[in-house]
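Visitor: My structure is in model38.pdb, and what it holds is PDB, C-alpha atoms, pLDDT in the B column:
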```pdb
ATOM      1  CA  MET F   1      42.906  38.001 -30.940  1.00 77.00           C
ATOM      2  CA  GLN F   2      41.169  36.257 -28.079  1.00 81.00           C
ATOM      3  CA  GLN F   3      44.542  34.982 -26.876  1.00 82.00           C
ATOM      4  CA  VAL F   4      45.934  38.536 -26.931  1.00 80.00           C
ATOM      5  CA  THR F   5      42.965  39.767 -24.896  1.00 81.00           C
ATOM      6  CA  ARG F   6      43.361  36.855 -22.483  1.00 82.00           C
ATOM      7  CA  GLN F   7      47.071  37.604 -21.945  1.00 79.00           C
ATOM      8  CA  LEU F   8      46.456  41.318 -21.416  1.00 77.00           C
ATOM      9  CA  SER F   9      43.590  40.593 -19.033  1.00 80.00           C
ATOM     10  CA  GLN F  10      45.866  38.310 -17.055  1.00 78.00           C
ATOM     11  CA  VAL F  11      48.412  41.112 -16.684  1.00 72.00           C
ATOM     12  CA  GLN F  12      45.628  43.496 -15.718  1.00 72.00           C
ATOM     13  CA  ASN F  13      44.348  41.085 -13.057  1.00 72.00           C
ATOM     14  CA  TRP F  14      47.790  40.937 -11.471  1.00 64.00           C
ATOM     15  CA  GLY F  15      47.334  44.595 -10.578  1.00 57.00           C
ATOM     16  CA  ARG F  16      44.538  43.474  -8.260  1.00 57.00           C
ATOM     17  CA  TRP F  17      46.685  41.102  -6.211  1.00 53.00           C
ATOM     18  CA  PRO F  18      47.386  41.997  -2.577  1.00 50.00           C
ATOM     19  CA  SER F  19      50.337  44.334  -2.116  1.00 49.00           C
ATOM     20  CA  GLN F  20      52.540  41.703  -0.443  1.00 50.00           C
ATOM     21  CA  SER F  21      52.654  39.854  -3.760  1.00 51.00           C
ATOM     22  CA  HIS F  22      54.458  42.805  -5.404  1.00 56.00           C
ATOM     23  CA  GLY F  23      57.713  40.962  -5.651  1.00 64.00           C
ATOM     24  CA  ARG F  24      60.255  40.108  -8.235  1.00 71.00           C
ATOM     25  CA  MET F  25      58.287  37.032  -9.298  1.00 74.00           C
ATOM     26  CA  ARG F  26      55.201  39.154 -10.033  1.00 71.00           C
ATOM     27  CA  ARG F  27      57.229  41.556 -12.172  1.00 70.00           C
ATOM     28  CA  VAL F  28      58.754  38.655 -14.089  1.00 75.00           C
ATOM     29  CA  GLN F  29      55.333  37.072 -14.643  1.00 76.00           C
ATOM     30  CA  ARG F  30      53.822  40.343 -15.799  1.00 74.00           C
ATOM     31  CA  ARG F  31      56.656  41.043 -18.216  1.00 76.00           C
ATOM     32  CA  SER F  32      56.446  37.486 -19.495  1.00 82.00           C
ATOM     33  CA  SER F  33      52.701  37.826 -20.090  1.00 79.00           C
ATOM     34  CA  ILE F  34      53.170  41.163 -21.825  1.00 77.00           C
ATOM     35  CA  GLU F  35      55.828  39.610 -24.044  1.00 83.00           C
ATOM     36  CA  ARG F  36      53.494  36.708 -24.931  1.00 84.00           C
ATOM     37  CA  ALA F  37      50.705  39.193 -25.755  1.00 81.00           C
ATOM     38  CA  ARG F  38      53.156  41.220 -27.845  1.00 82.00           C
ATOM     39  CA  ASN F  39      54.249  38.130 -29.790  1.00 86.00           C
ATOM     40  CA  LEU F  40      50.637  37.064 -30.291  1.00 86.00           C
ATOM     41  CA  THR F  41      49.815  40.547 -31.561  1.00 84.00           C
ATOM     42  CA  PHE F  42      52.563  40.335 -34.171  1.00 86.00           C
ATOM     43  CA  GLN F  43      51.137  36.970 -35.269  1.00 88.00           C
ATOM     44  CA  VAL F  44      47.656  38.511 -35.484  1.00 86.00           C
ATOM     45  CA  LYS F  45      49.062  41.356 -37.611  1.00 86.00           C
ATOM     46  CA  HIS F  46      50.641  38.809 -39.933  1.00 89.00           C
ATOM     47  CA  TYR F  47      47.381  36.868 -40.341  1.00 88.00           C
ATOM     48  CA  LEU F  48      45.398  40.069 -40.826  1.00 88.00           C
ATOM     49  CA  ASN F  49      47.816  41.091 -43.605  1.00 89.00           C
ATOM     50  CA  LEU F  50      47.256  37.711 -45.281  1.00 91.00           C
ATOM     51  CA  PHE F  51      43.489  38.134 -44.872  1.00 90.00           C
ATOM     52  CA  ASP F  52      43.721  41.619 -46.400  1.00 90.00           C
ATOM     53  CA  LYS F  53      45.580  40.205 -49.426  1.00 92.00           C
ATOM     54  CA  GLU F  54      42.814  37.641 -49.910  1.00 91.00           C
ATOM     55  CA  LEU F  55      40.166  40.351 -49.593  1.00 90.00           C
ATOM     56  CA  LYS F  56      41.894  42.369 -52.330  1.00 92.00           C
ATOM     57  CA  ASP F  57      41.222  39.449 -54.694  1.00 91.00           C
ATOM     58  CA  ILE F  58      37.492  40.154 -54.344  1.00 89.00           C
ATOM     59  CA  GLY F  59      37.811  43.929 -54.351  1.00 89.00           C
ATOM     60  CA  ARG F  60      37.524  44.441 -50.589  1.00 89.00           C
ATOM     61  CA  ARG F  61      39.917  45.799 -48.006  1.00 88.00           C
ATOM     62  CA  LEU F  62      40.466  45.246 -44.328  1.00 83.00           C
ATOM     63  CA  GLU F  63      40.254  48.785 -43.009  1.00 81.00           C
ATOM     64  CA  MET F  64      41.945  48.471 -39.654  1.00 76.00           C
ATOM     65  CA  GLN F  65      45.398  48.677 -38.172  1.00 71.00           C
ATOM     66  CA  ILE F  66      46.842  46.902 -35.153  1.00 69.00           C
ATOM     67  CA  ASP F  67      49.051  49.229 -33.124  1.00 66.00           C
ATOM     68  CA  THR F  68      51.897  47.436 -31.369  1.00 61.00           C
ATOM     69  CA  SER F  69      53.742  50.530 -30.181  1.00 62.00           C
ATOM     70  CA  SER F  70      52.103  50.432 -26.742  1.00 59.00           C
ATOM     71  CA  PHE F  71      53.855  47.160 -25.942  1.00 57.00           C
ATOM     72  CA  ALA F  72      57.181  48.979 -25.814  1.00 53.00           C
ATOM     73  CA  ASN F  73      55.719  51.259 -23.139  1.00 56.00           C
ATOM     74  CA  PHE F  74      54.372  48.324 -21.126  1.00 55.00           C
ATOM     75  CA  SER F  75      57.766  46.724 -20.750  1.00 52.00           C
ATOM     76  CA  ASP F  76      59.358  49.991 -19.594  1.00 53.00           C
ATOM     77  CA  PHE F  77      57.317  50.125 -16.390  1.00 53.00           C
ATOM     78  CA  PHE F  78      58.777  49.161 -13.056  1.00 48.00           C
ATOM     79  CA  PHE F  79      55.815  47.279 -11.616  1.00 51.00           C
ATOM     80  CA  ASN F  80      55.970  47.910  -7.914  1.00 55.00           C
ATOM     81  CA  ASN F  81      54.010  50.988  -7.009  1.00 61.00           C
ATOM     82  CA  ILE F  82      50.435  52.079  -7.257  1.00 66.00           C
ATOM     83  CA  ILE F  83      51.046  54.890  -9.775  1.00 70.00           C
ATOM     84  CA  THR F  84      52.828  52.745 -12.357  1.00 69.00           C
ATOM     85  CA  ASP F  85      50.260  49.980 -11.779  1.00 71.00           C
ATOM     86  CA  TRP F  86      47.470  52.478 -12.476  1.00 75.00           C
ATOM     87  CA  ILE F  87      49.183  53.804 -15.629  1.00 75.00           C
ATOM     88  CA  LEU F  88      49.798  50.265 -16.859  1.00 75.00           C
ATOM     89  CA  ASN F  89      46.191  49.346 -16.103  1.00 77.00           C
ATOM     90  CA  GLN F  90      44.929  52.274 -18.191  1.00 82.00           C
ATOM     91  CA  GLN F  91      47.088  51.205 -21.126  1.00 80.00           C
ATOM     92  CA  LEU F  92      45.904  47.625 -20.716  1.00 80.00           C
ATOM     93  CA  VAL F  93      42.259  48.733 -20.762  1.00 83.00           C
ATOM     94  CA  THR F  94      42.942  50.584 -24.018  1.00 84.00           C
ATOM     95  CA  ALA F  95      44.807  47.636 -25.560  1.00 82.00           C
ATOM     96  CA  ILE F  96      42.130  45.130 -24.525  1.00 84.00           C
ATOM     97  CA  GLY F  97      39.428  47.378 -25.990  1.00 86.00           C
ATOM     98  CA  ALA F  98      41.363  47.681 -29.249  1.00 84.00           C
ATOM     99  CA  ALA F  99      41.811  43.896 -29.458  1.00 84.00           C
ATOM    100  CA  ASP F 100      38.094  43.356 -28.795  1.00 87.00           C
ATOM    101  CA  ASN F 101      37.170  45.936 -31.451  1.00 88.00           C
ATOM    102  CA  ALA F 102      39.496  44.295 -33.970  1.00 87.00           C
ATOM    103  CA  ARG F 103      38.024  40.847 -33.246  1.00 89.00           C
ATOM    104  CA  ASN F 104      34.477  42.202 -33.645  1.00 91.00           C
ATOM    105  CA  TYR F 105      35.400  43.956 -36.904  1.00 91.00           C
ATOM    106  CA  VAL F 106      36.892  40.784 -38.382  1.00 91.00           C
ATOM    107  CA  ASN F 107      33.905  38.705 -37.229  1.00 93.00           C
ATOM    108  CA  GLU F 108      31.498  41.162 -38.881  1.00 94.00           C
ATOM    109  CA  MET F 109      33.602  41.042 -42.048  1.00 92.00           C
ATOM    110  CA  LEU F 110      33.444  37.231 -42.047  1.00 94.00           C
ATOM    111  CA  ILE F 111      29.663  37.303 -41.573  1.00 96.00           C
ATOM    112  CA  ASP F 112      29.344  39.734 -44.507  1.00 94.00           C
ATOM    113  CA  LEU F 113      31.578  37.561 -46.675  1.00 94.00           C
ATOM    114  CA  GLN F 114      29.550  34.462 -45.821  1.00 96.00           C
ATOM    115  CA  ALA F 115      26.345  36.279 -46.795  1.00 97.00           C
ATOM    116  CA  GLU F 116      27.936  37.364 -50.095  1.00 94.00           C
ATOM    117  CA  LEU F 117      29.100  33.805 -50.751  1.00 95.00           C
ATOM    118  CA  ASN F 118      25.605  32.463 -50.124  1.00 97.00           C
ATOM    119  CA  GLU F 119      24.172  35.046 -52.525  1.00 97.00           C
ATOM    120  CA  VAL F 120      26.710  34.176 -55.217  1.00 95.00           C
ATOM    121  CA  LEU F 121      26.034  30.452 -54.823  1.00 96.00           C
ATOM    122  CA  THR F 122      22.293  31.090 -55.101  1.00 97.00           C
ATOM    123  CA  ASN F 123      22.857  33.166 -58.251  1.00 96.00           C
ATOM    124  CA  ILE F 124      24.986  30.407 -59.759  1.00 96.00           C
ATOM    125  CA  SER F 125      22.336  27.828 -58.986  1.00 95.00           C
ATOM    126  CA  ASP F 126      19.595  30.032 -60.479  1.00 95.00           C
ATOM    127  CA  SER F 127      21.703  30.662 -63.587  1.00 95.00           C
ATOM    128  CA  ARG F 128      22.285  26.925 -64.086  1.00 94.00           C
ATOM    129  CA  GLN F 129      18.600  26.234 -63.676  1.00 94.00           C
ATOM    130  CA  ASN F 130      17.715  28.998 -66.181  1.00 93.00           C
ATOM    131  CA  ARG F 131      20.278  27.647 -68.652  1.00 92.00           C
ATOM    132  CA  GLU F 132      18.846  24.150 -68.396  1.00 90.00           C
ATOM    133  CA  GLU F 133      15.316  25.480 -68.891  1.00 89.00           C
ATOM    134  CA  ILE F 134      16.410  27.390 -71.996  1.00 90.00           C
ATOM    135  CA  LEU F 135      18.292  24.417 -73.436  1.00 88.00           C
ATOM    136  CA  LEU F 136      15.473  21.973 -72.729  1.00 87.00           C
ATOM    137  CA  GLY F 137      12.603  24.351 -73.337  1.00 72.00           C
TER     138      GLY F 137
END
```
Translate the structure of the given file into C-alpha cells.

Guide:
Amino acid sequence: MQQVTRQLSQVQNWGRWPSQSHGRMRRVQRRSSIERARNLTFQVKHYLNLFDKELKDIGRRLEMQIDTSSFANFSDFFFNNIITDWILNQQLVTAIGAADNARNYVNEMLIDLQAELNEVLTNISDSRQNREEILLG
C-alpha cells in the first residue's frame, strides 16, 4: 500500500512542475505511473483477499474494500491544462487518503492480532503450568 501511495504521490507532484514541462513526455510518465499504481492496487486487493481468508479461520473479517474504479477515470484525462490537472489532483488526493486509511486499518488489525496471539500464548503457558502443578501436586 505504501508503494501505491508513493506512485500516486509521484503523479500528484508532476502537477506542480513548471508549465513548460507539460509535454508529451510528462503525459506518458504520468500515465505510466498511474498504470503502475493501478497494477499495485490490484496486487494489494489480492493480498487483502488472502488475508481476509486467513482471518475467517479465526472468526474475524477484514471490513474494508479497495476501490479501483477511479483508476479508469485517471487514465481518461488529457493532462495538459490547469482544469484537468486540478480534477486529477483532487482524485489523487482522495485515492492517496484511501490508501493511507487502508494501510492504517491493516496495521491496527495486525497489532490487535499480535495482542491476541500474546494472550493466547500466555493462556497456554498458564494452562501447562497448572496441569503440571495438578499432576505433581

Visitor: Determine, counting all atoms listed in the file, which protein, DNA and RNA residues have an atom within 12 Å of an atom of segment 106-122 of chain F; residues of the same chain fewer than 5 positions away are not included. Present the result as an mmCIF file with C-alpha atoms, in the frame of the given file.

Guide:
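And here is the file that came out, out.cif:
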```
data_model
loop_
_atom_site.group_PDB
_atom_site.id
_atom_site.type_symbol
_atom_site.label_atom_id
_atom_site.label_comp_id
_atom_site.auth_asym_id
_atom_site.auth_seq_id
_atom_site.Cartn_x
_atom_site.Cartn_y
_atom_site.Cartn_z
ATOM 1 C CA MET F 1 42.906 38.001 -30.940
ATOM 2 C CA GLN F 2 41.169 36.257 -28.079
ATOM 3 C CA VAL F 44 47.656 38.511 -35.484
ATOM 4 C CA TYR F 47 47.381 36.868 -40.341
ATOM 5 C CA LEU F 48 45.398 40.069 -40.826
ATOM 6 C CA PHE F 51 43.489 38.134 -44.872
ATOM 7 C CA ASP F 52 43.721 41.619 -46.400
ATOM 8 C CA GLU F 54 42.814 37.641 -49.910
ATOM 9 C CA LEU F 55 40.166 40.351 -49.593
ATOM 10 C CA ILE F 58 37.492 40.154 -54.344
ATOM 11 C CA GLY F 59 37.811 43.929 -54.351
ATOM 12 C CA ARG F 60 37.524 44.441 -50.589
ATOM 13 C CA ARG F 61 39.917 45.799 -48.006
ATOM 14 C CA LEU F 62 40.466 45.246 -44.328
ATOM 15 C CA GLU F 63 40.254 48.785 -43.009
ATOM 16 C CA MET F 64 41.945 48.471 -39.654
ATOM 17 C CA GLN F 65 45.398 48.677 -38.172
ATOM 18 C CA ALA F 99 41.811 43.896 -29.458
ATOM 19 C CA ASP F 100 38.094 43.356 -28.795
ATOM 20 C CA ASN F 101 37.170 45.936 -31.451
ATOM 21 C CA SER F 127 21.703 30.662 -63.587
ATOM 22 C CA ARG F 128 22.285 26.925 -64.086
ATOM 23 C CA GLN F 129 18.600 26.234 -63.676
#
```

Visitor: I need the output of the PyMOL selection byres ((chain F and resi 30-34) around 7) for this file as a ChimeraX atom specification; which residues are they?

Guide: /F:7-8,11,26-29,35-38,75

Visitor: Print the selection's residues with C-alpha atoms to a file, as a PDB file, in the coordinates of the input.

Guide:
```
ATOM      1  CA  GLN F   7      47.071  37.604 -21.945  1.00 79.00           C
ATOM      2  CA  LEU F   8      46.456  41.318 -21.416  1.00 77.00           C
ATOM      3  CA  VAL F  11      48.412  41.112 -16.684  1.00 72.00           C
ATOM      4  CA  ARG F  26      55.201  39.154 -10.033  1.00 71.00           C
ATOM      5  CA  ARG F  27      57.229  41.556 -12.172  1.00 70.00           C
ATOM      6  CA  VAL F  28      58.754  38.655 -14.089  1.00 75.00           C
ATOM      7  CA  GLN F  29      55.333  37.072 -14.643  1.00 76.00           C
ATOM      8  CA  GLU F  35      55.828  39.610 -24.044  1.00 83.00           C
ATOM      9  CA  ARG F  36      53.494  36.708 -24.931  1.00 84.00           C
ATOM     10  CA  ALA F  37      50.705  39.193 -25.755  1.00 81.00           C
ATOM     11  CA  ARG F  38      53.156  41.220 -27.845  1.00 82.00           C
ATOM     12  CA  SER F  75      57.766  46.724 -20.750  1.00 52.00           C
TER      13      SER F  75
END
```

Visitor: Would you work out the distance separating atom CA of Asn13 of chain F from atom CA of Asn89 of chain F, expressed in Å to one decimal?

Guide: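 Between atom CA of Asn13 of chain F and atom CA of Asn89 of chain F the gap works out to 9.0 Å.
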
Visitor: What is the atom CA of Lys53 of chain F to atom CA of Ile96 of chain F distance in Å?

Guide: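 So the answer is 25.6 Å.
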
Visitor: Report the distance between atom CA of Tyr105 of chain F and atom CA of Ile124 of chain F in Å, rounded to one decimal place.

Guide: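 Interatomic distance, atom CA of Tyr105 of chain F to atom CA of Ile124 of chain F: 28.5 Å.
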
Visitor: Draw an axis-aligned box tight on the listed atoms of segment 24-34 of chain F, then pad every side by 8 Å and write out centre and edge lengths in Å to one decimal as JSON.

Guide:
```
{"center_x": 56.5, "center_y": 39.3, "center_z": -15.0, "size_x": 23.6, "size_y": 20.5, "size_z": 29.6}
```

Visitor: Taking only C-alpha atoms into account, which of F:Leu92, F:Arg24, F:Arg6, F:Asp57 comes nearest Leu40 of chain F?

Guide: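 Of all the options, F:Arg6 lies closest to Leu40 of chain F.
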
Visitor: With distances taken over all atoms listed in the file, which of F:Gln43, F:Asp85, F:Leu135, F:Ala98 is nearest to Gln12 of chain F?

Guide: F:Asp85
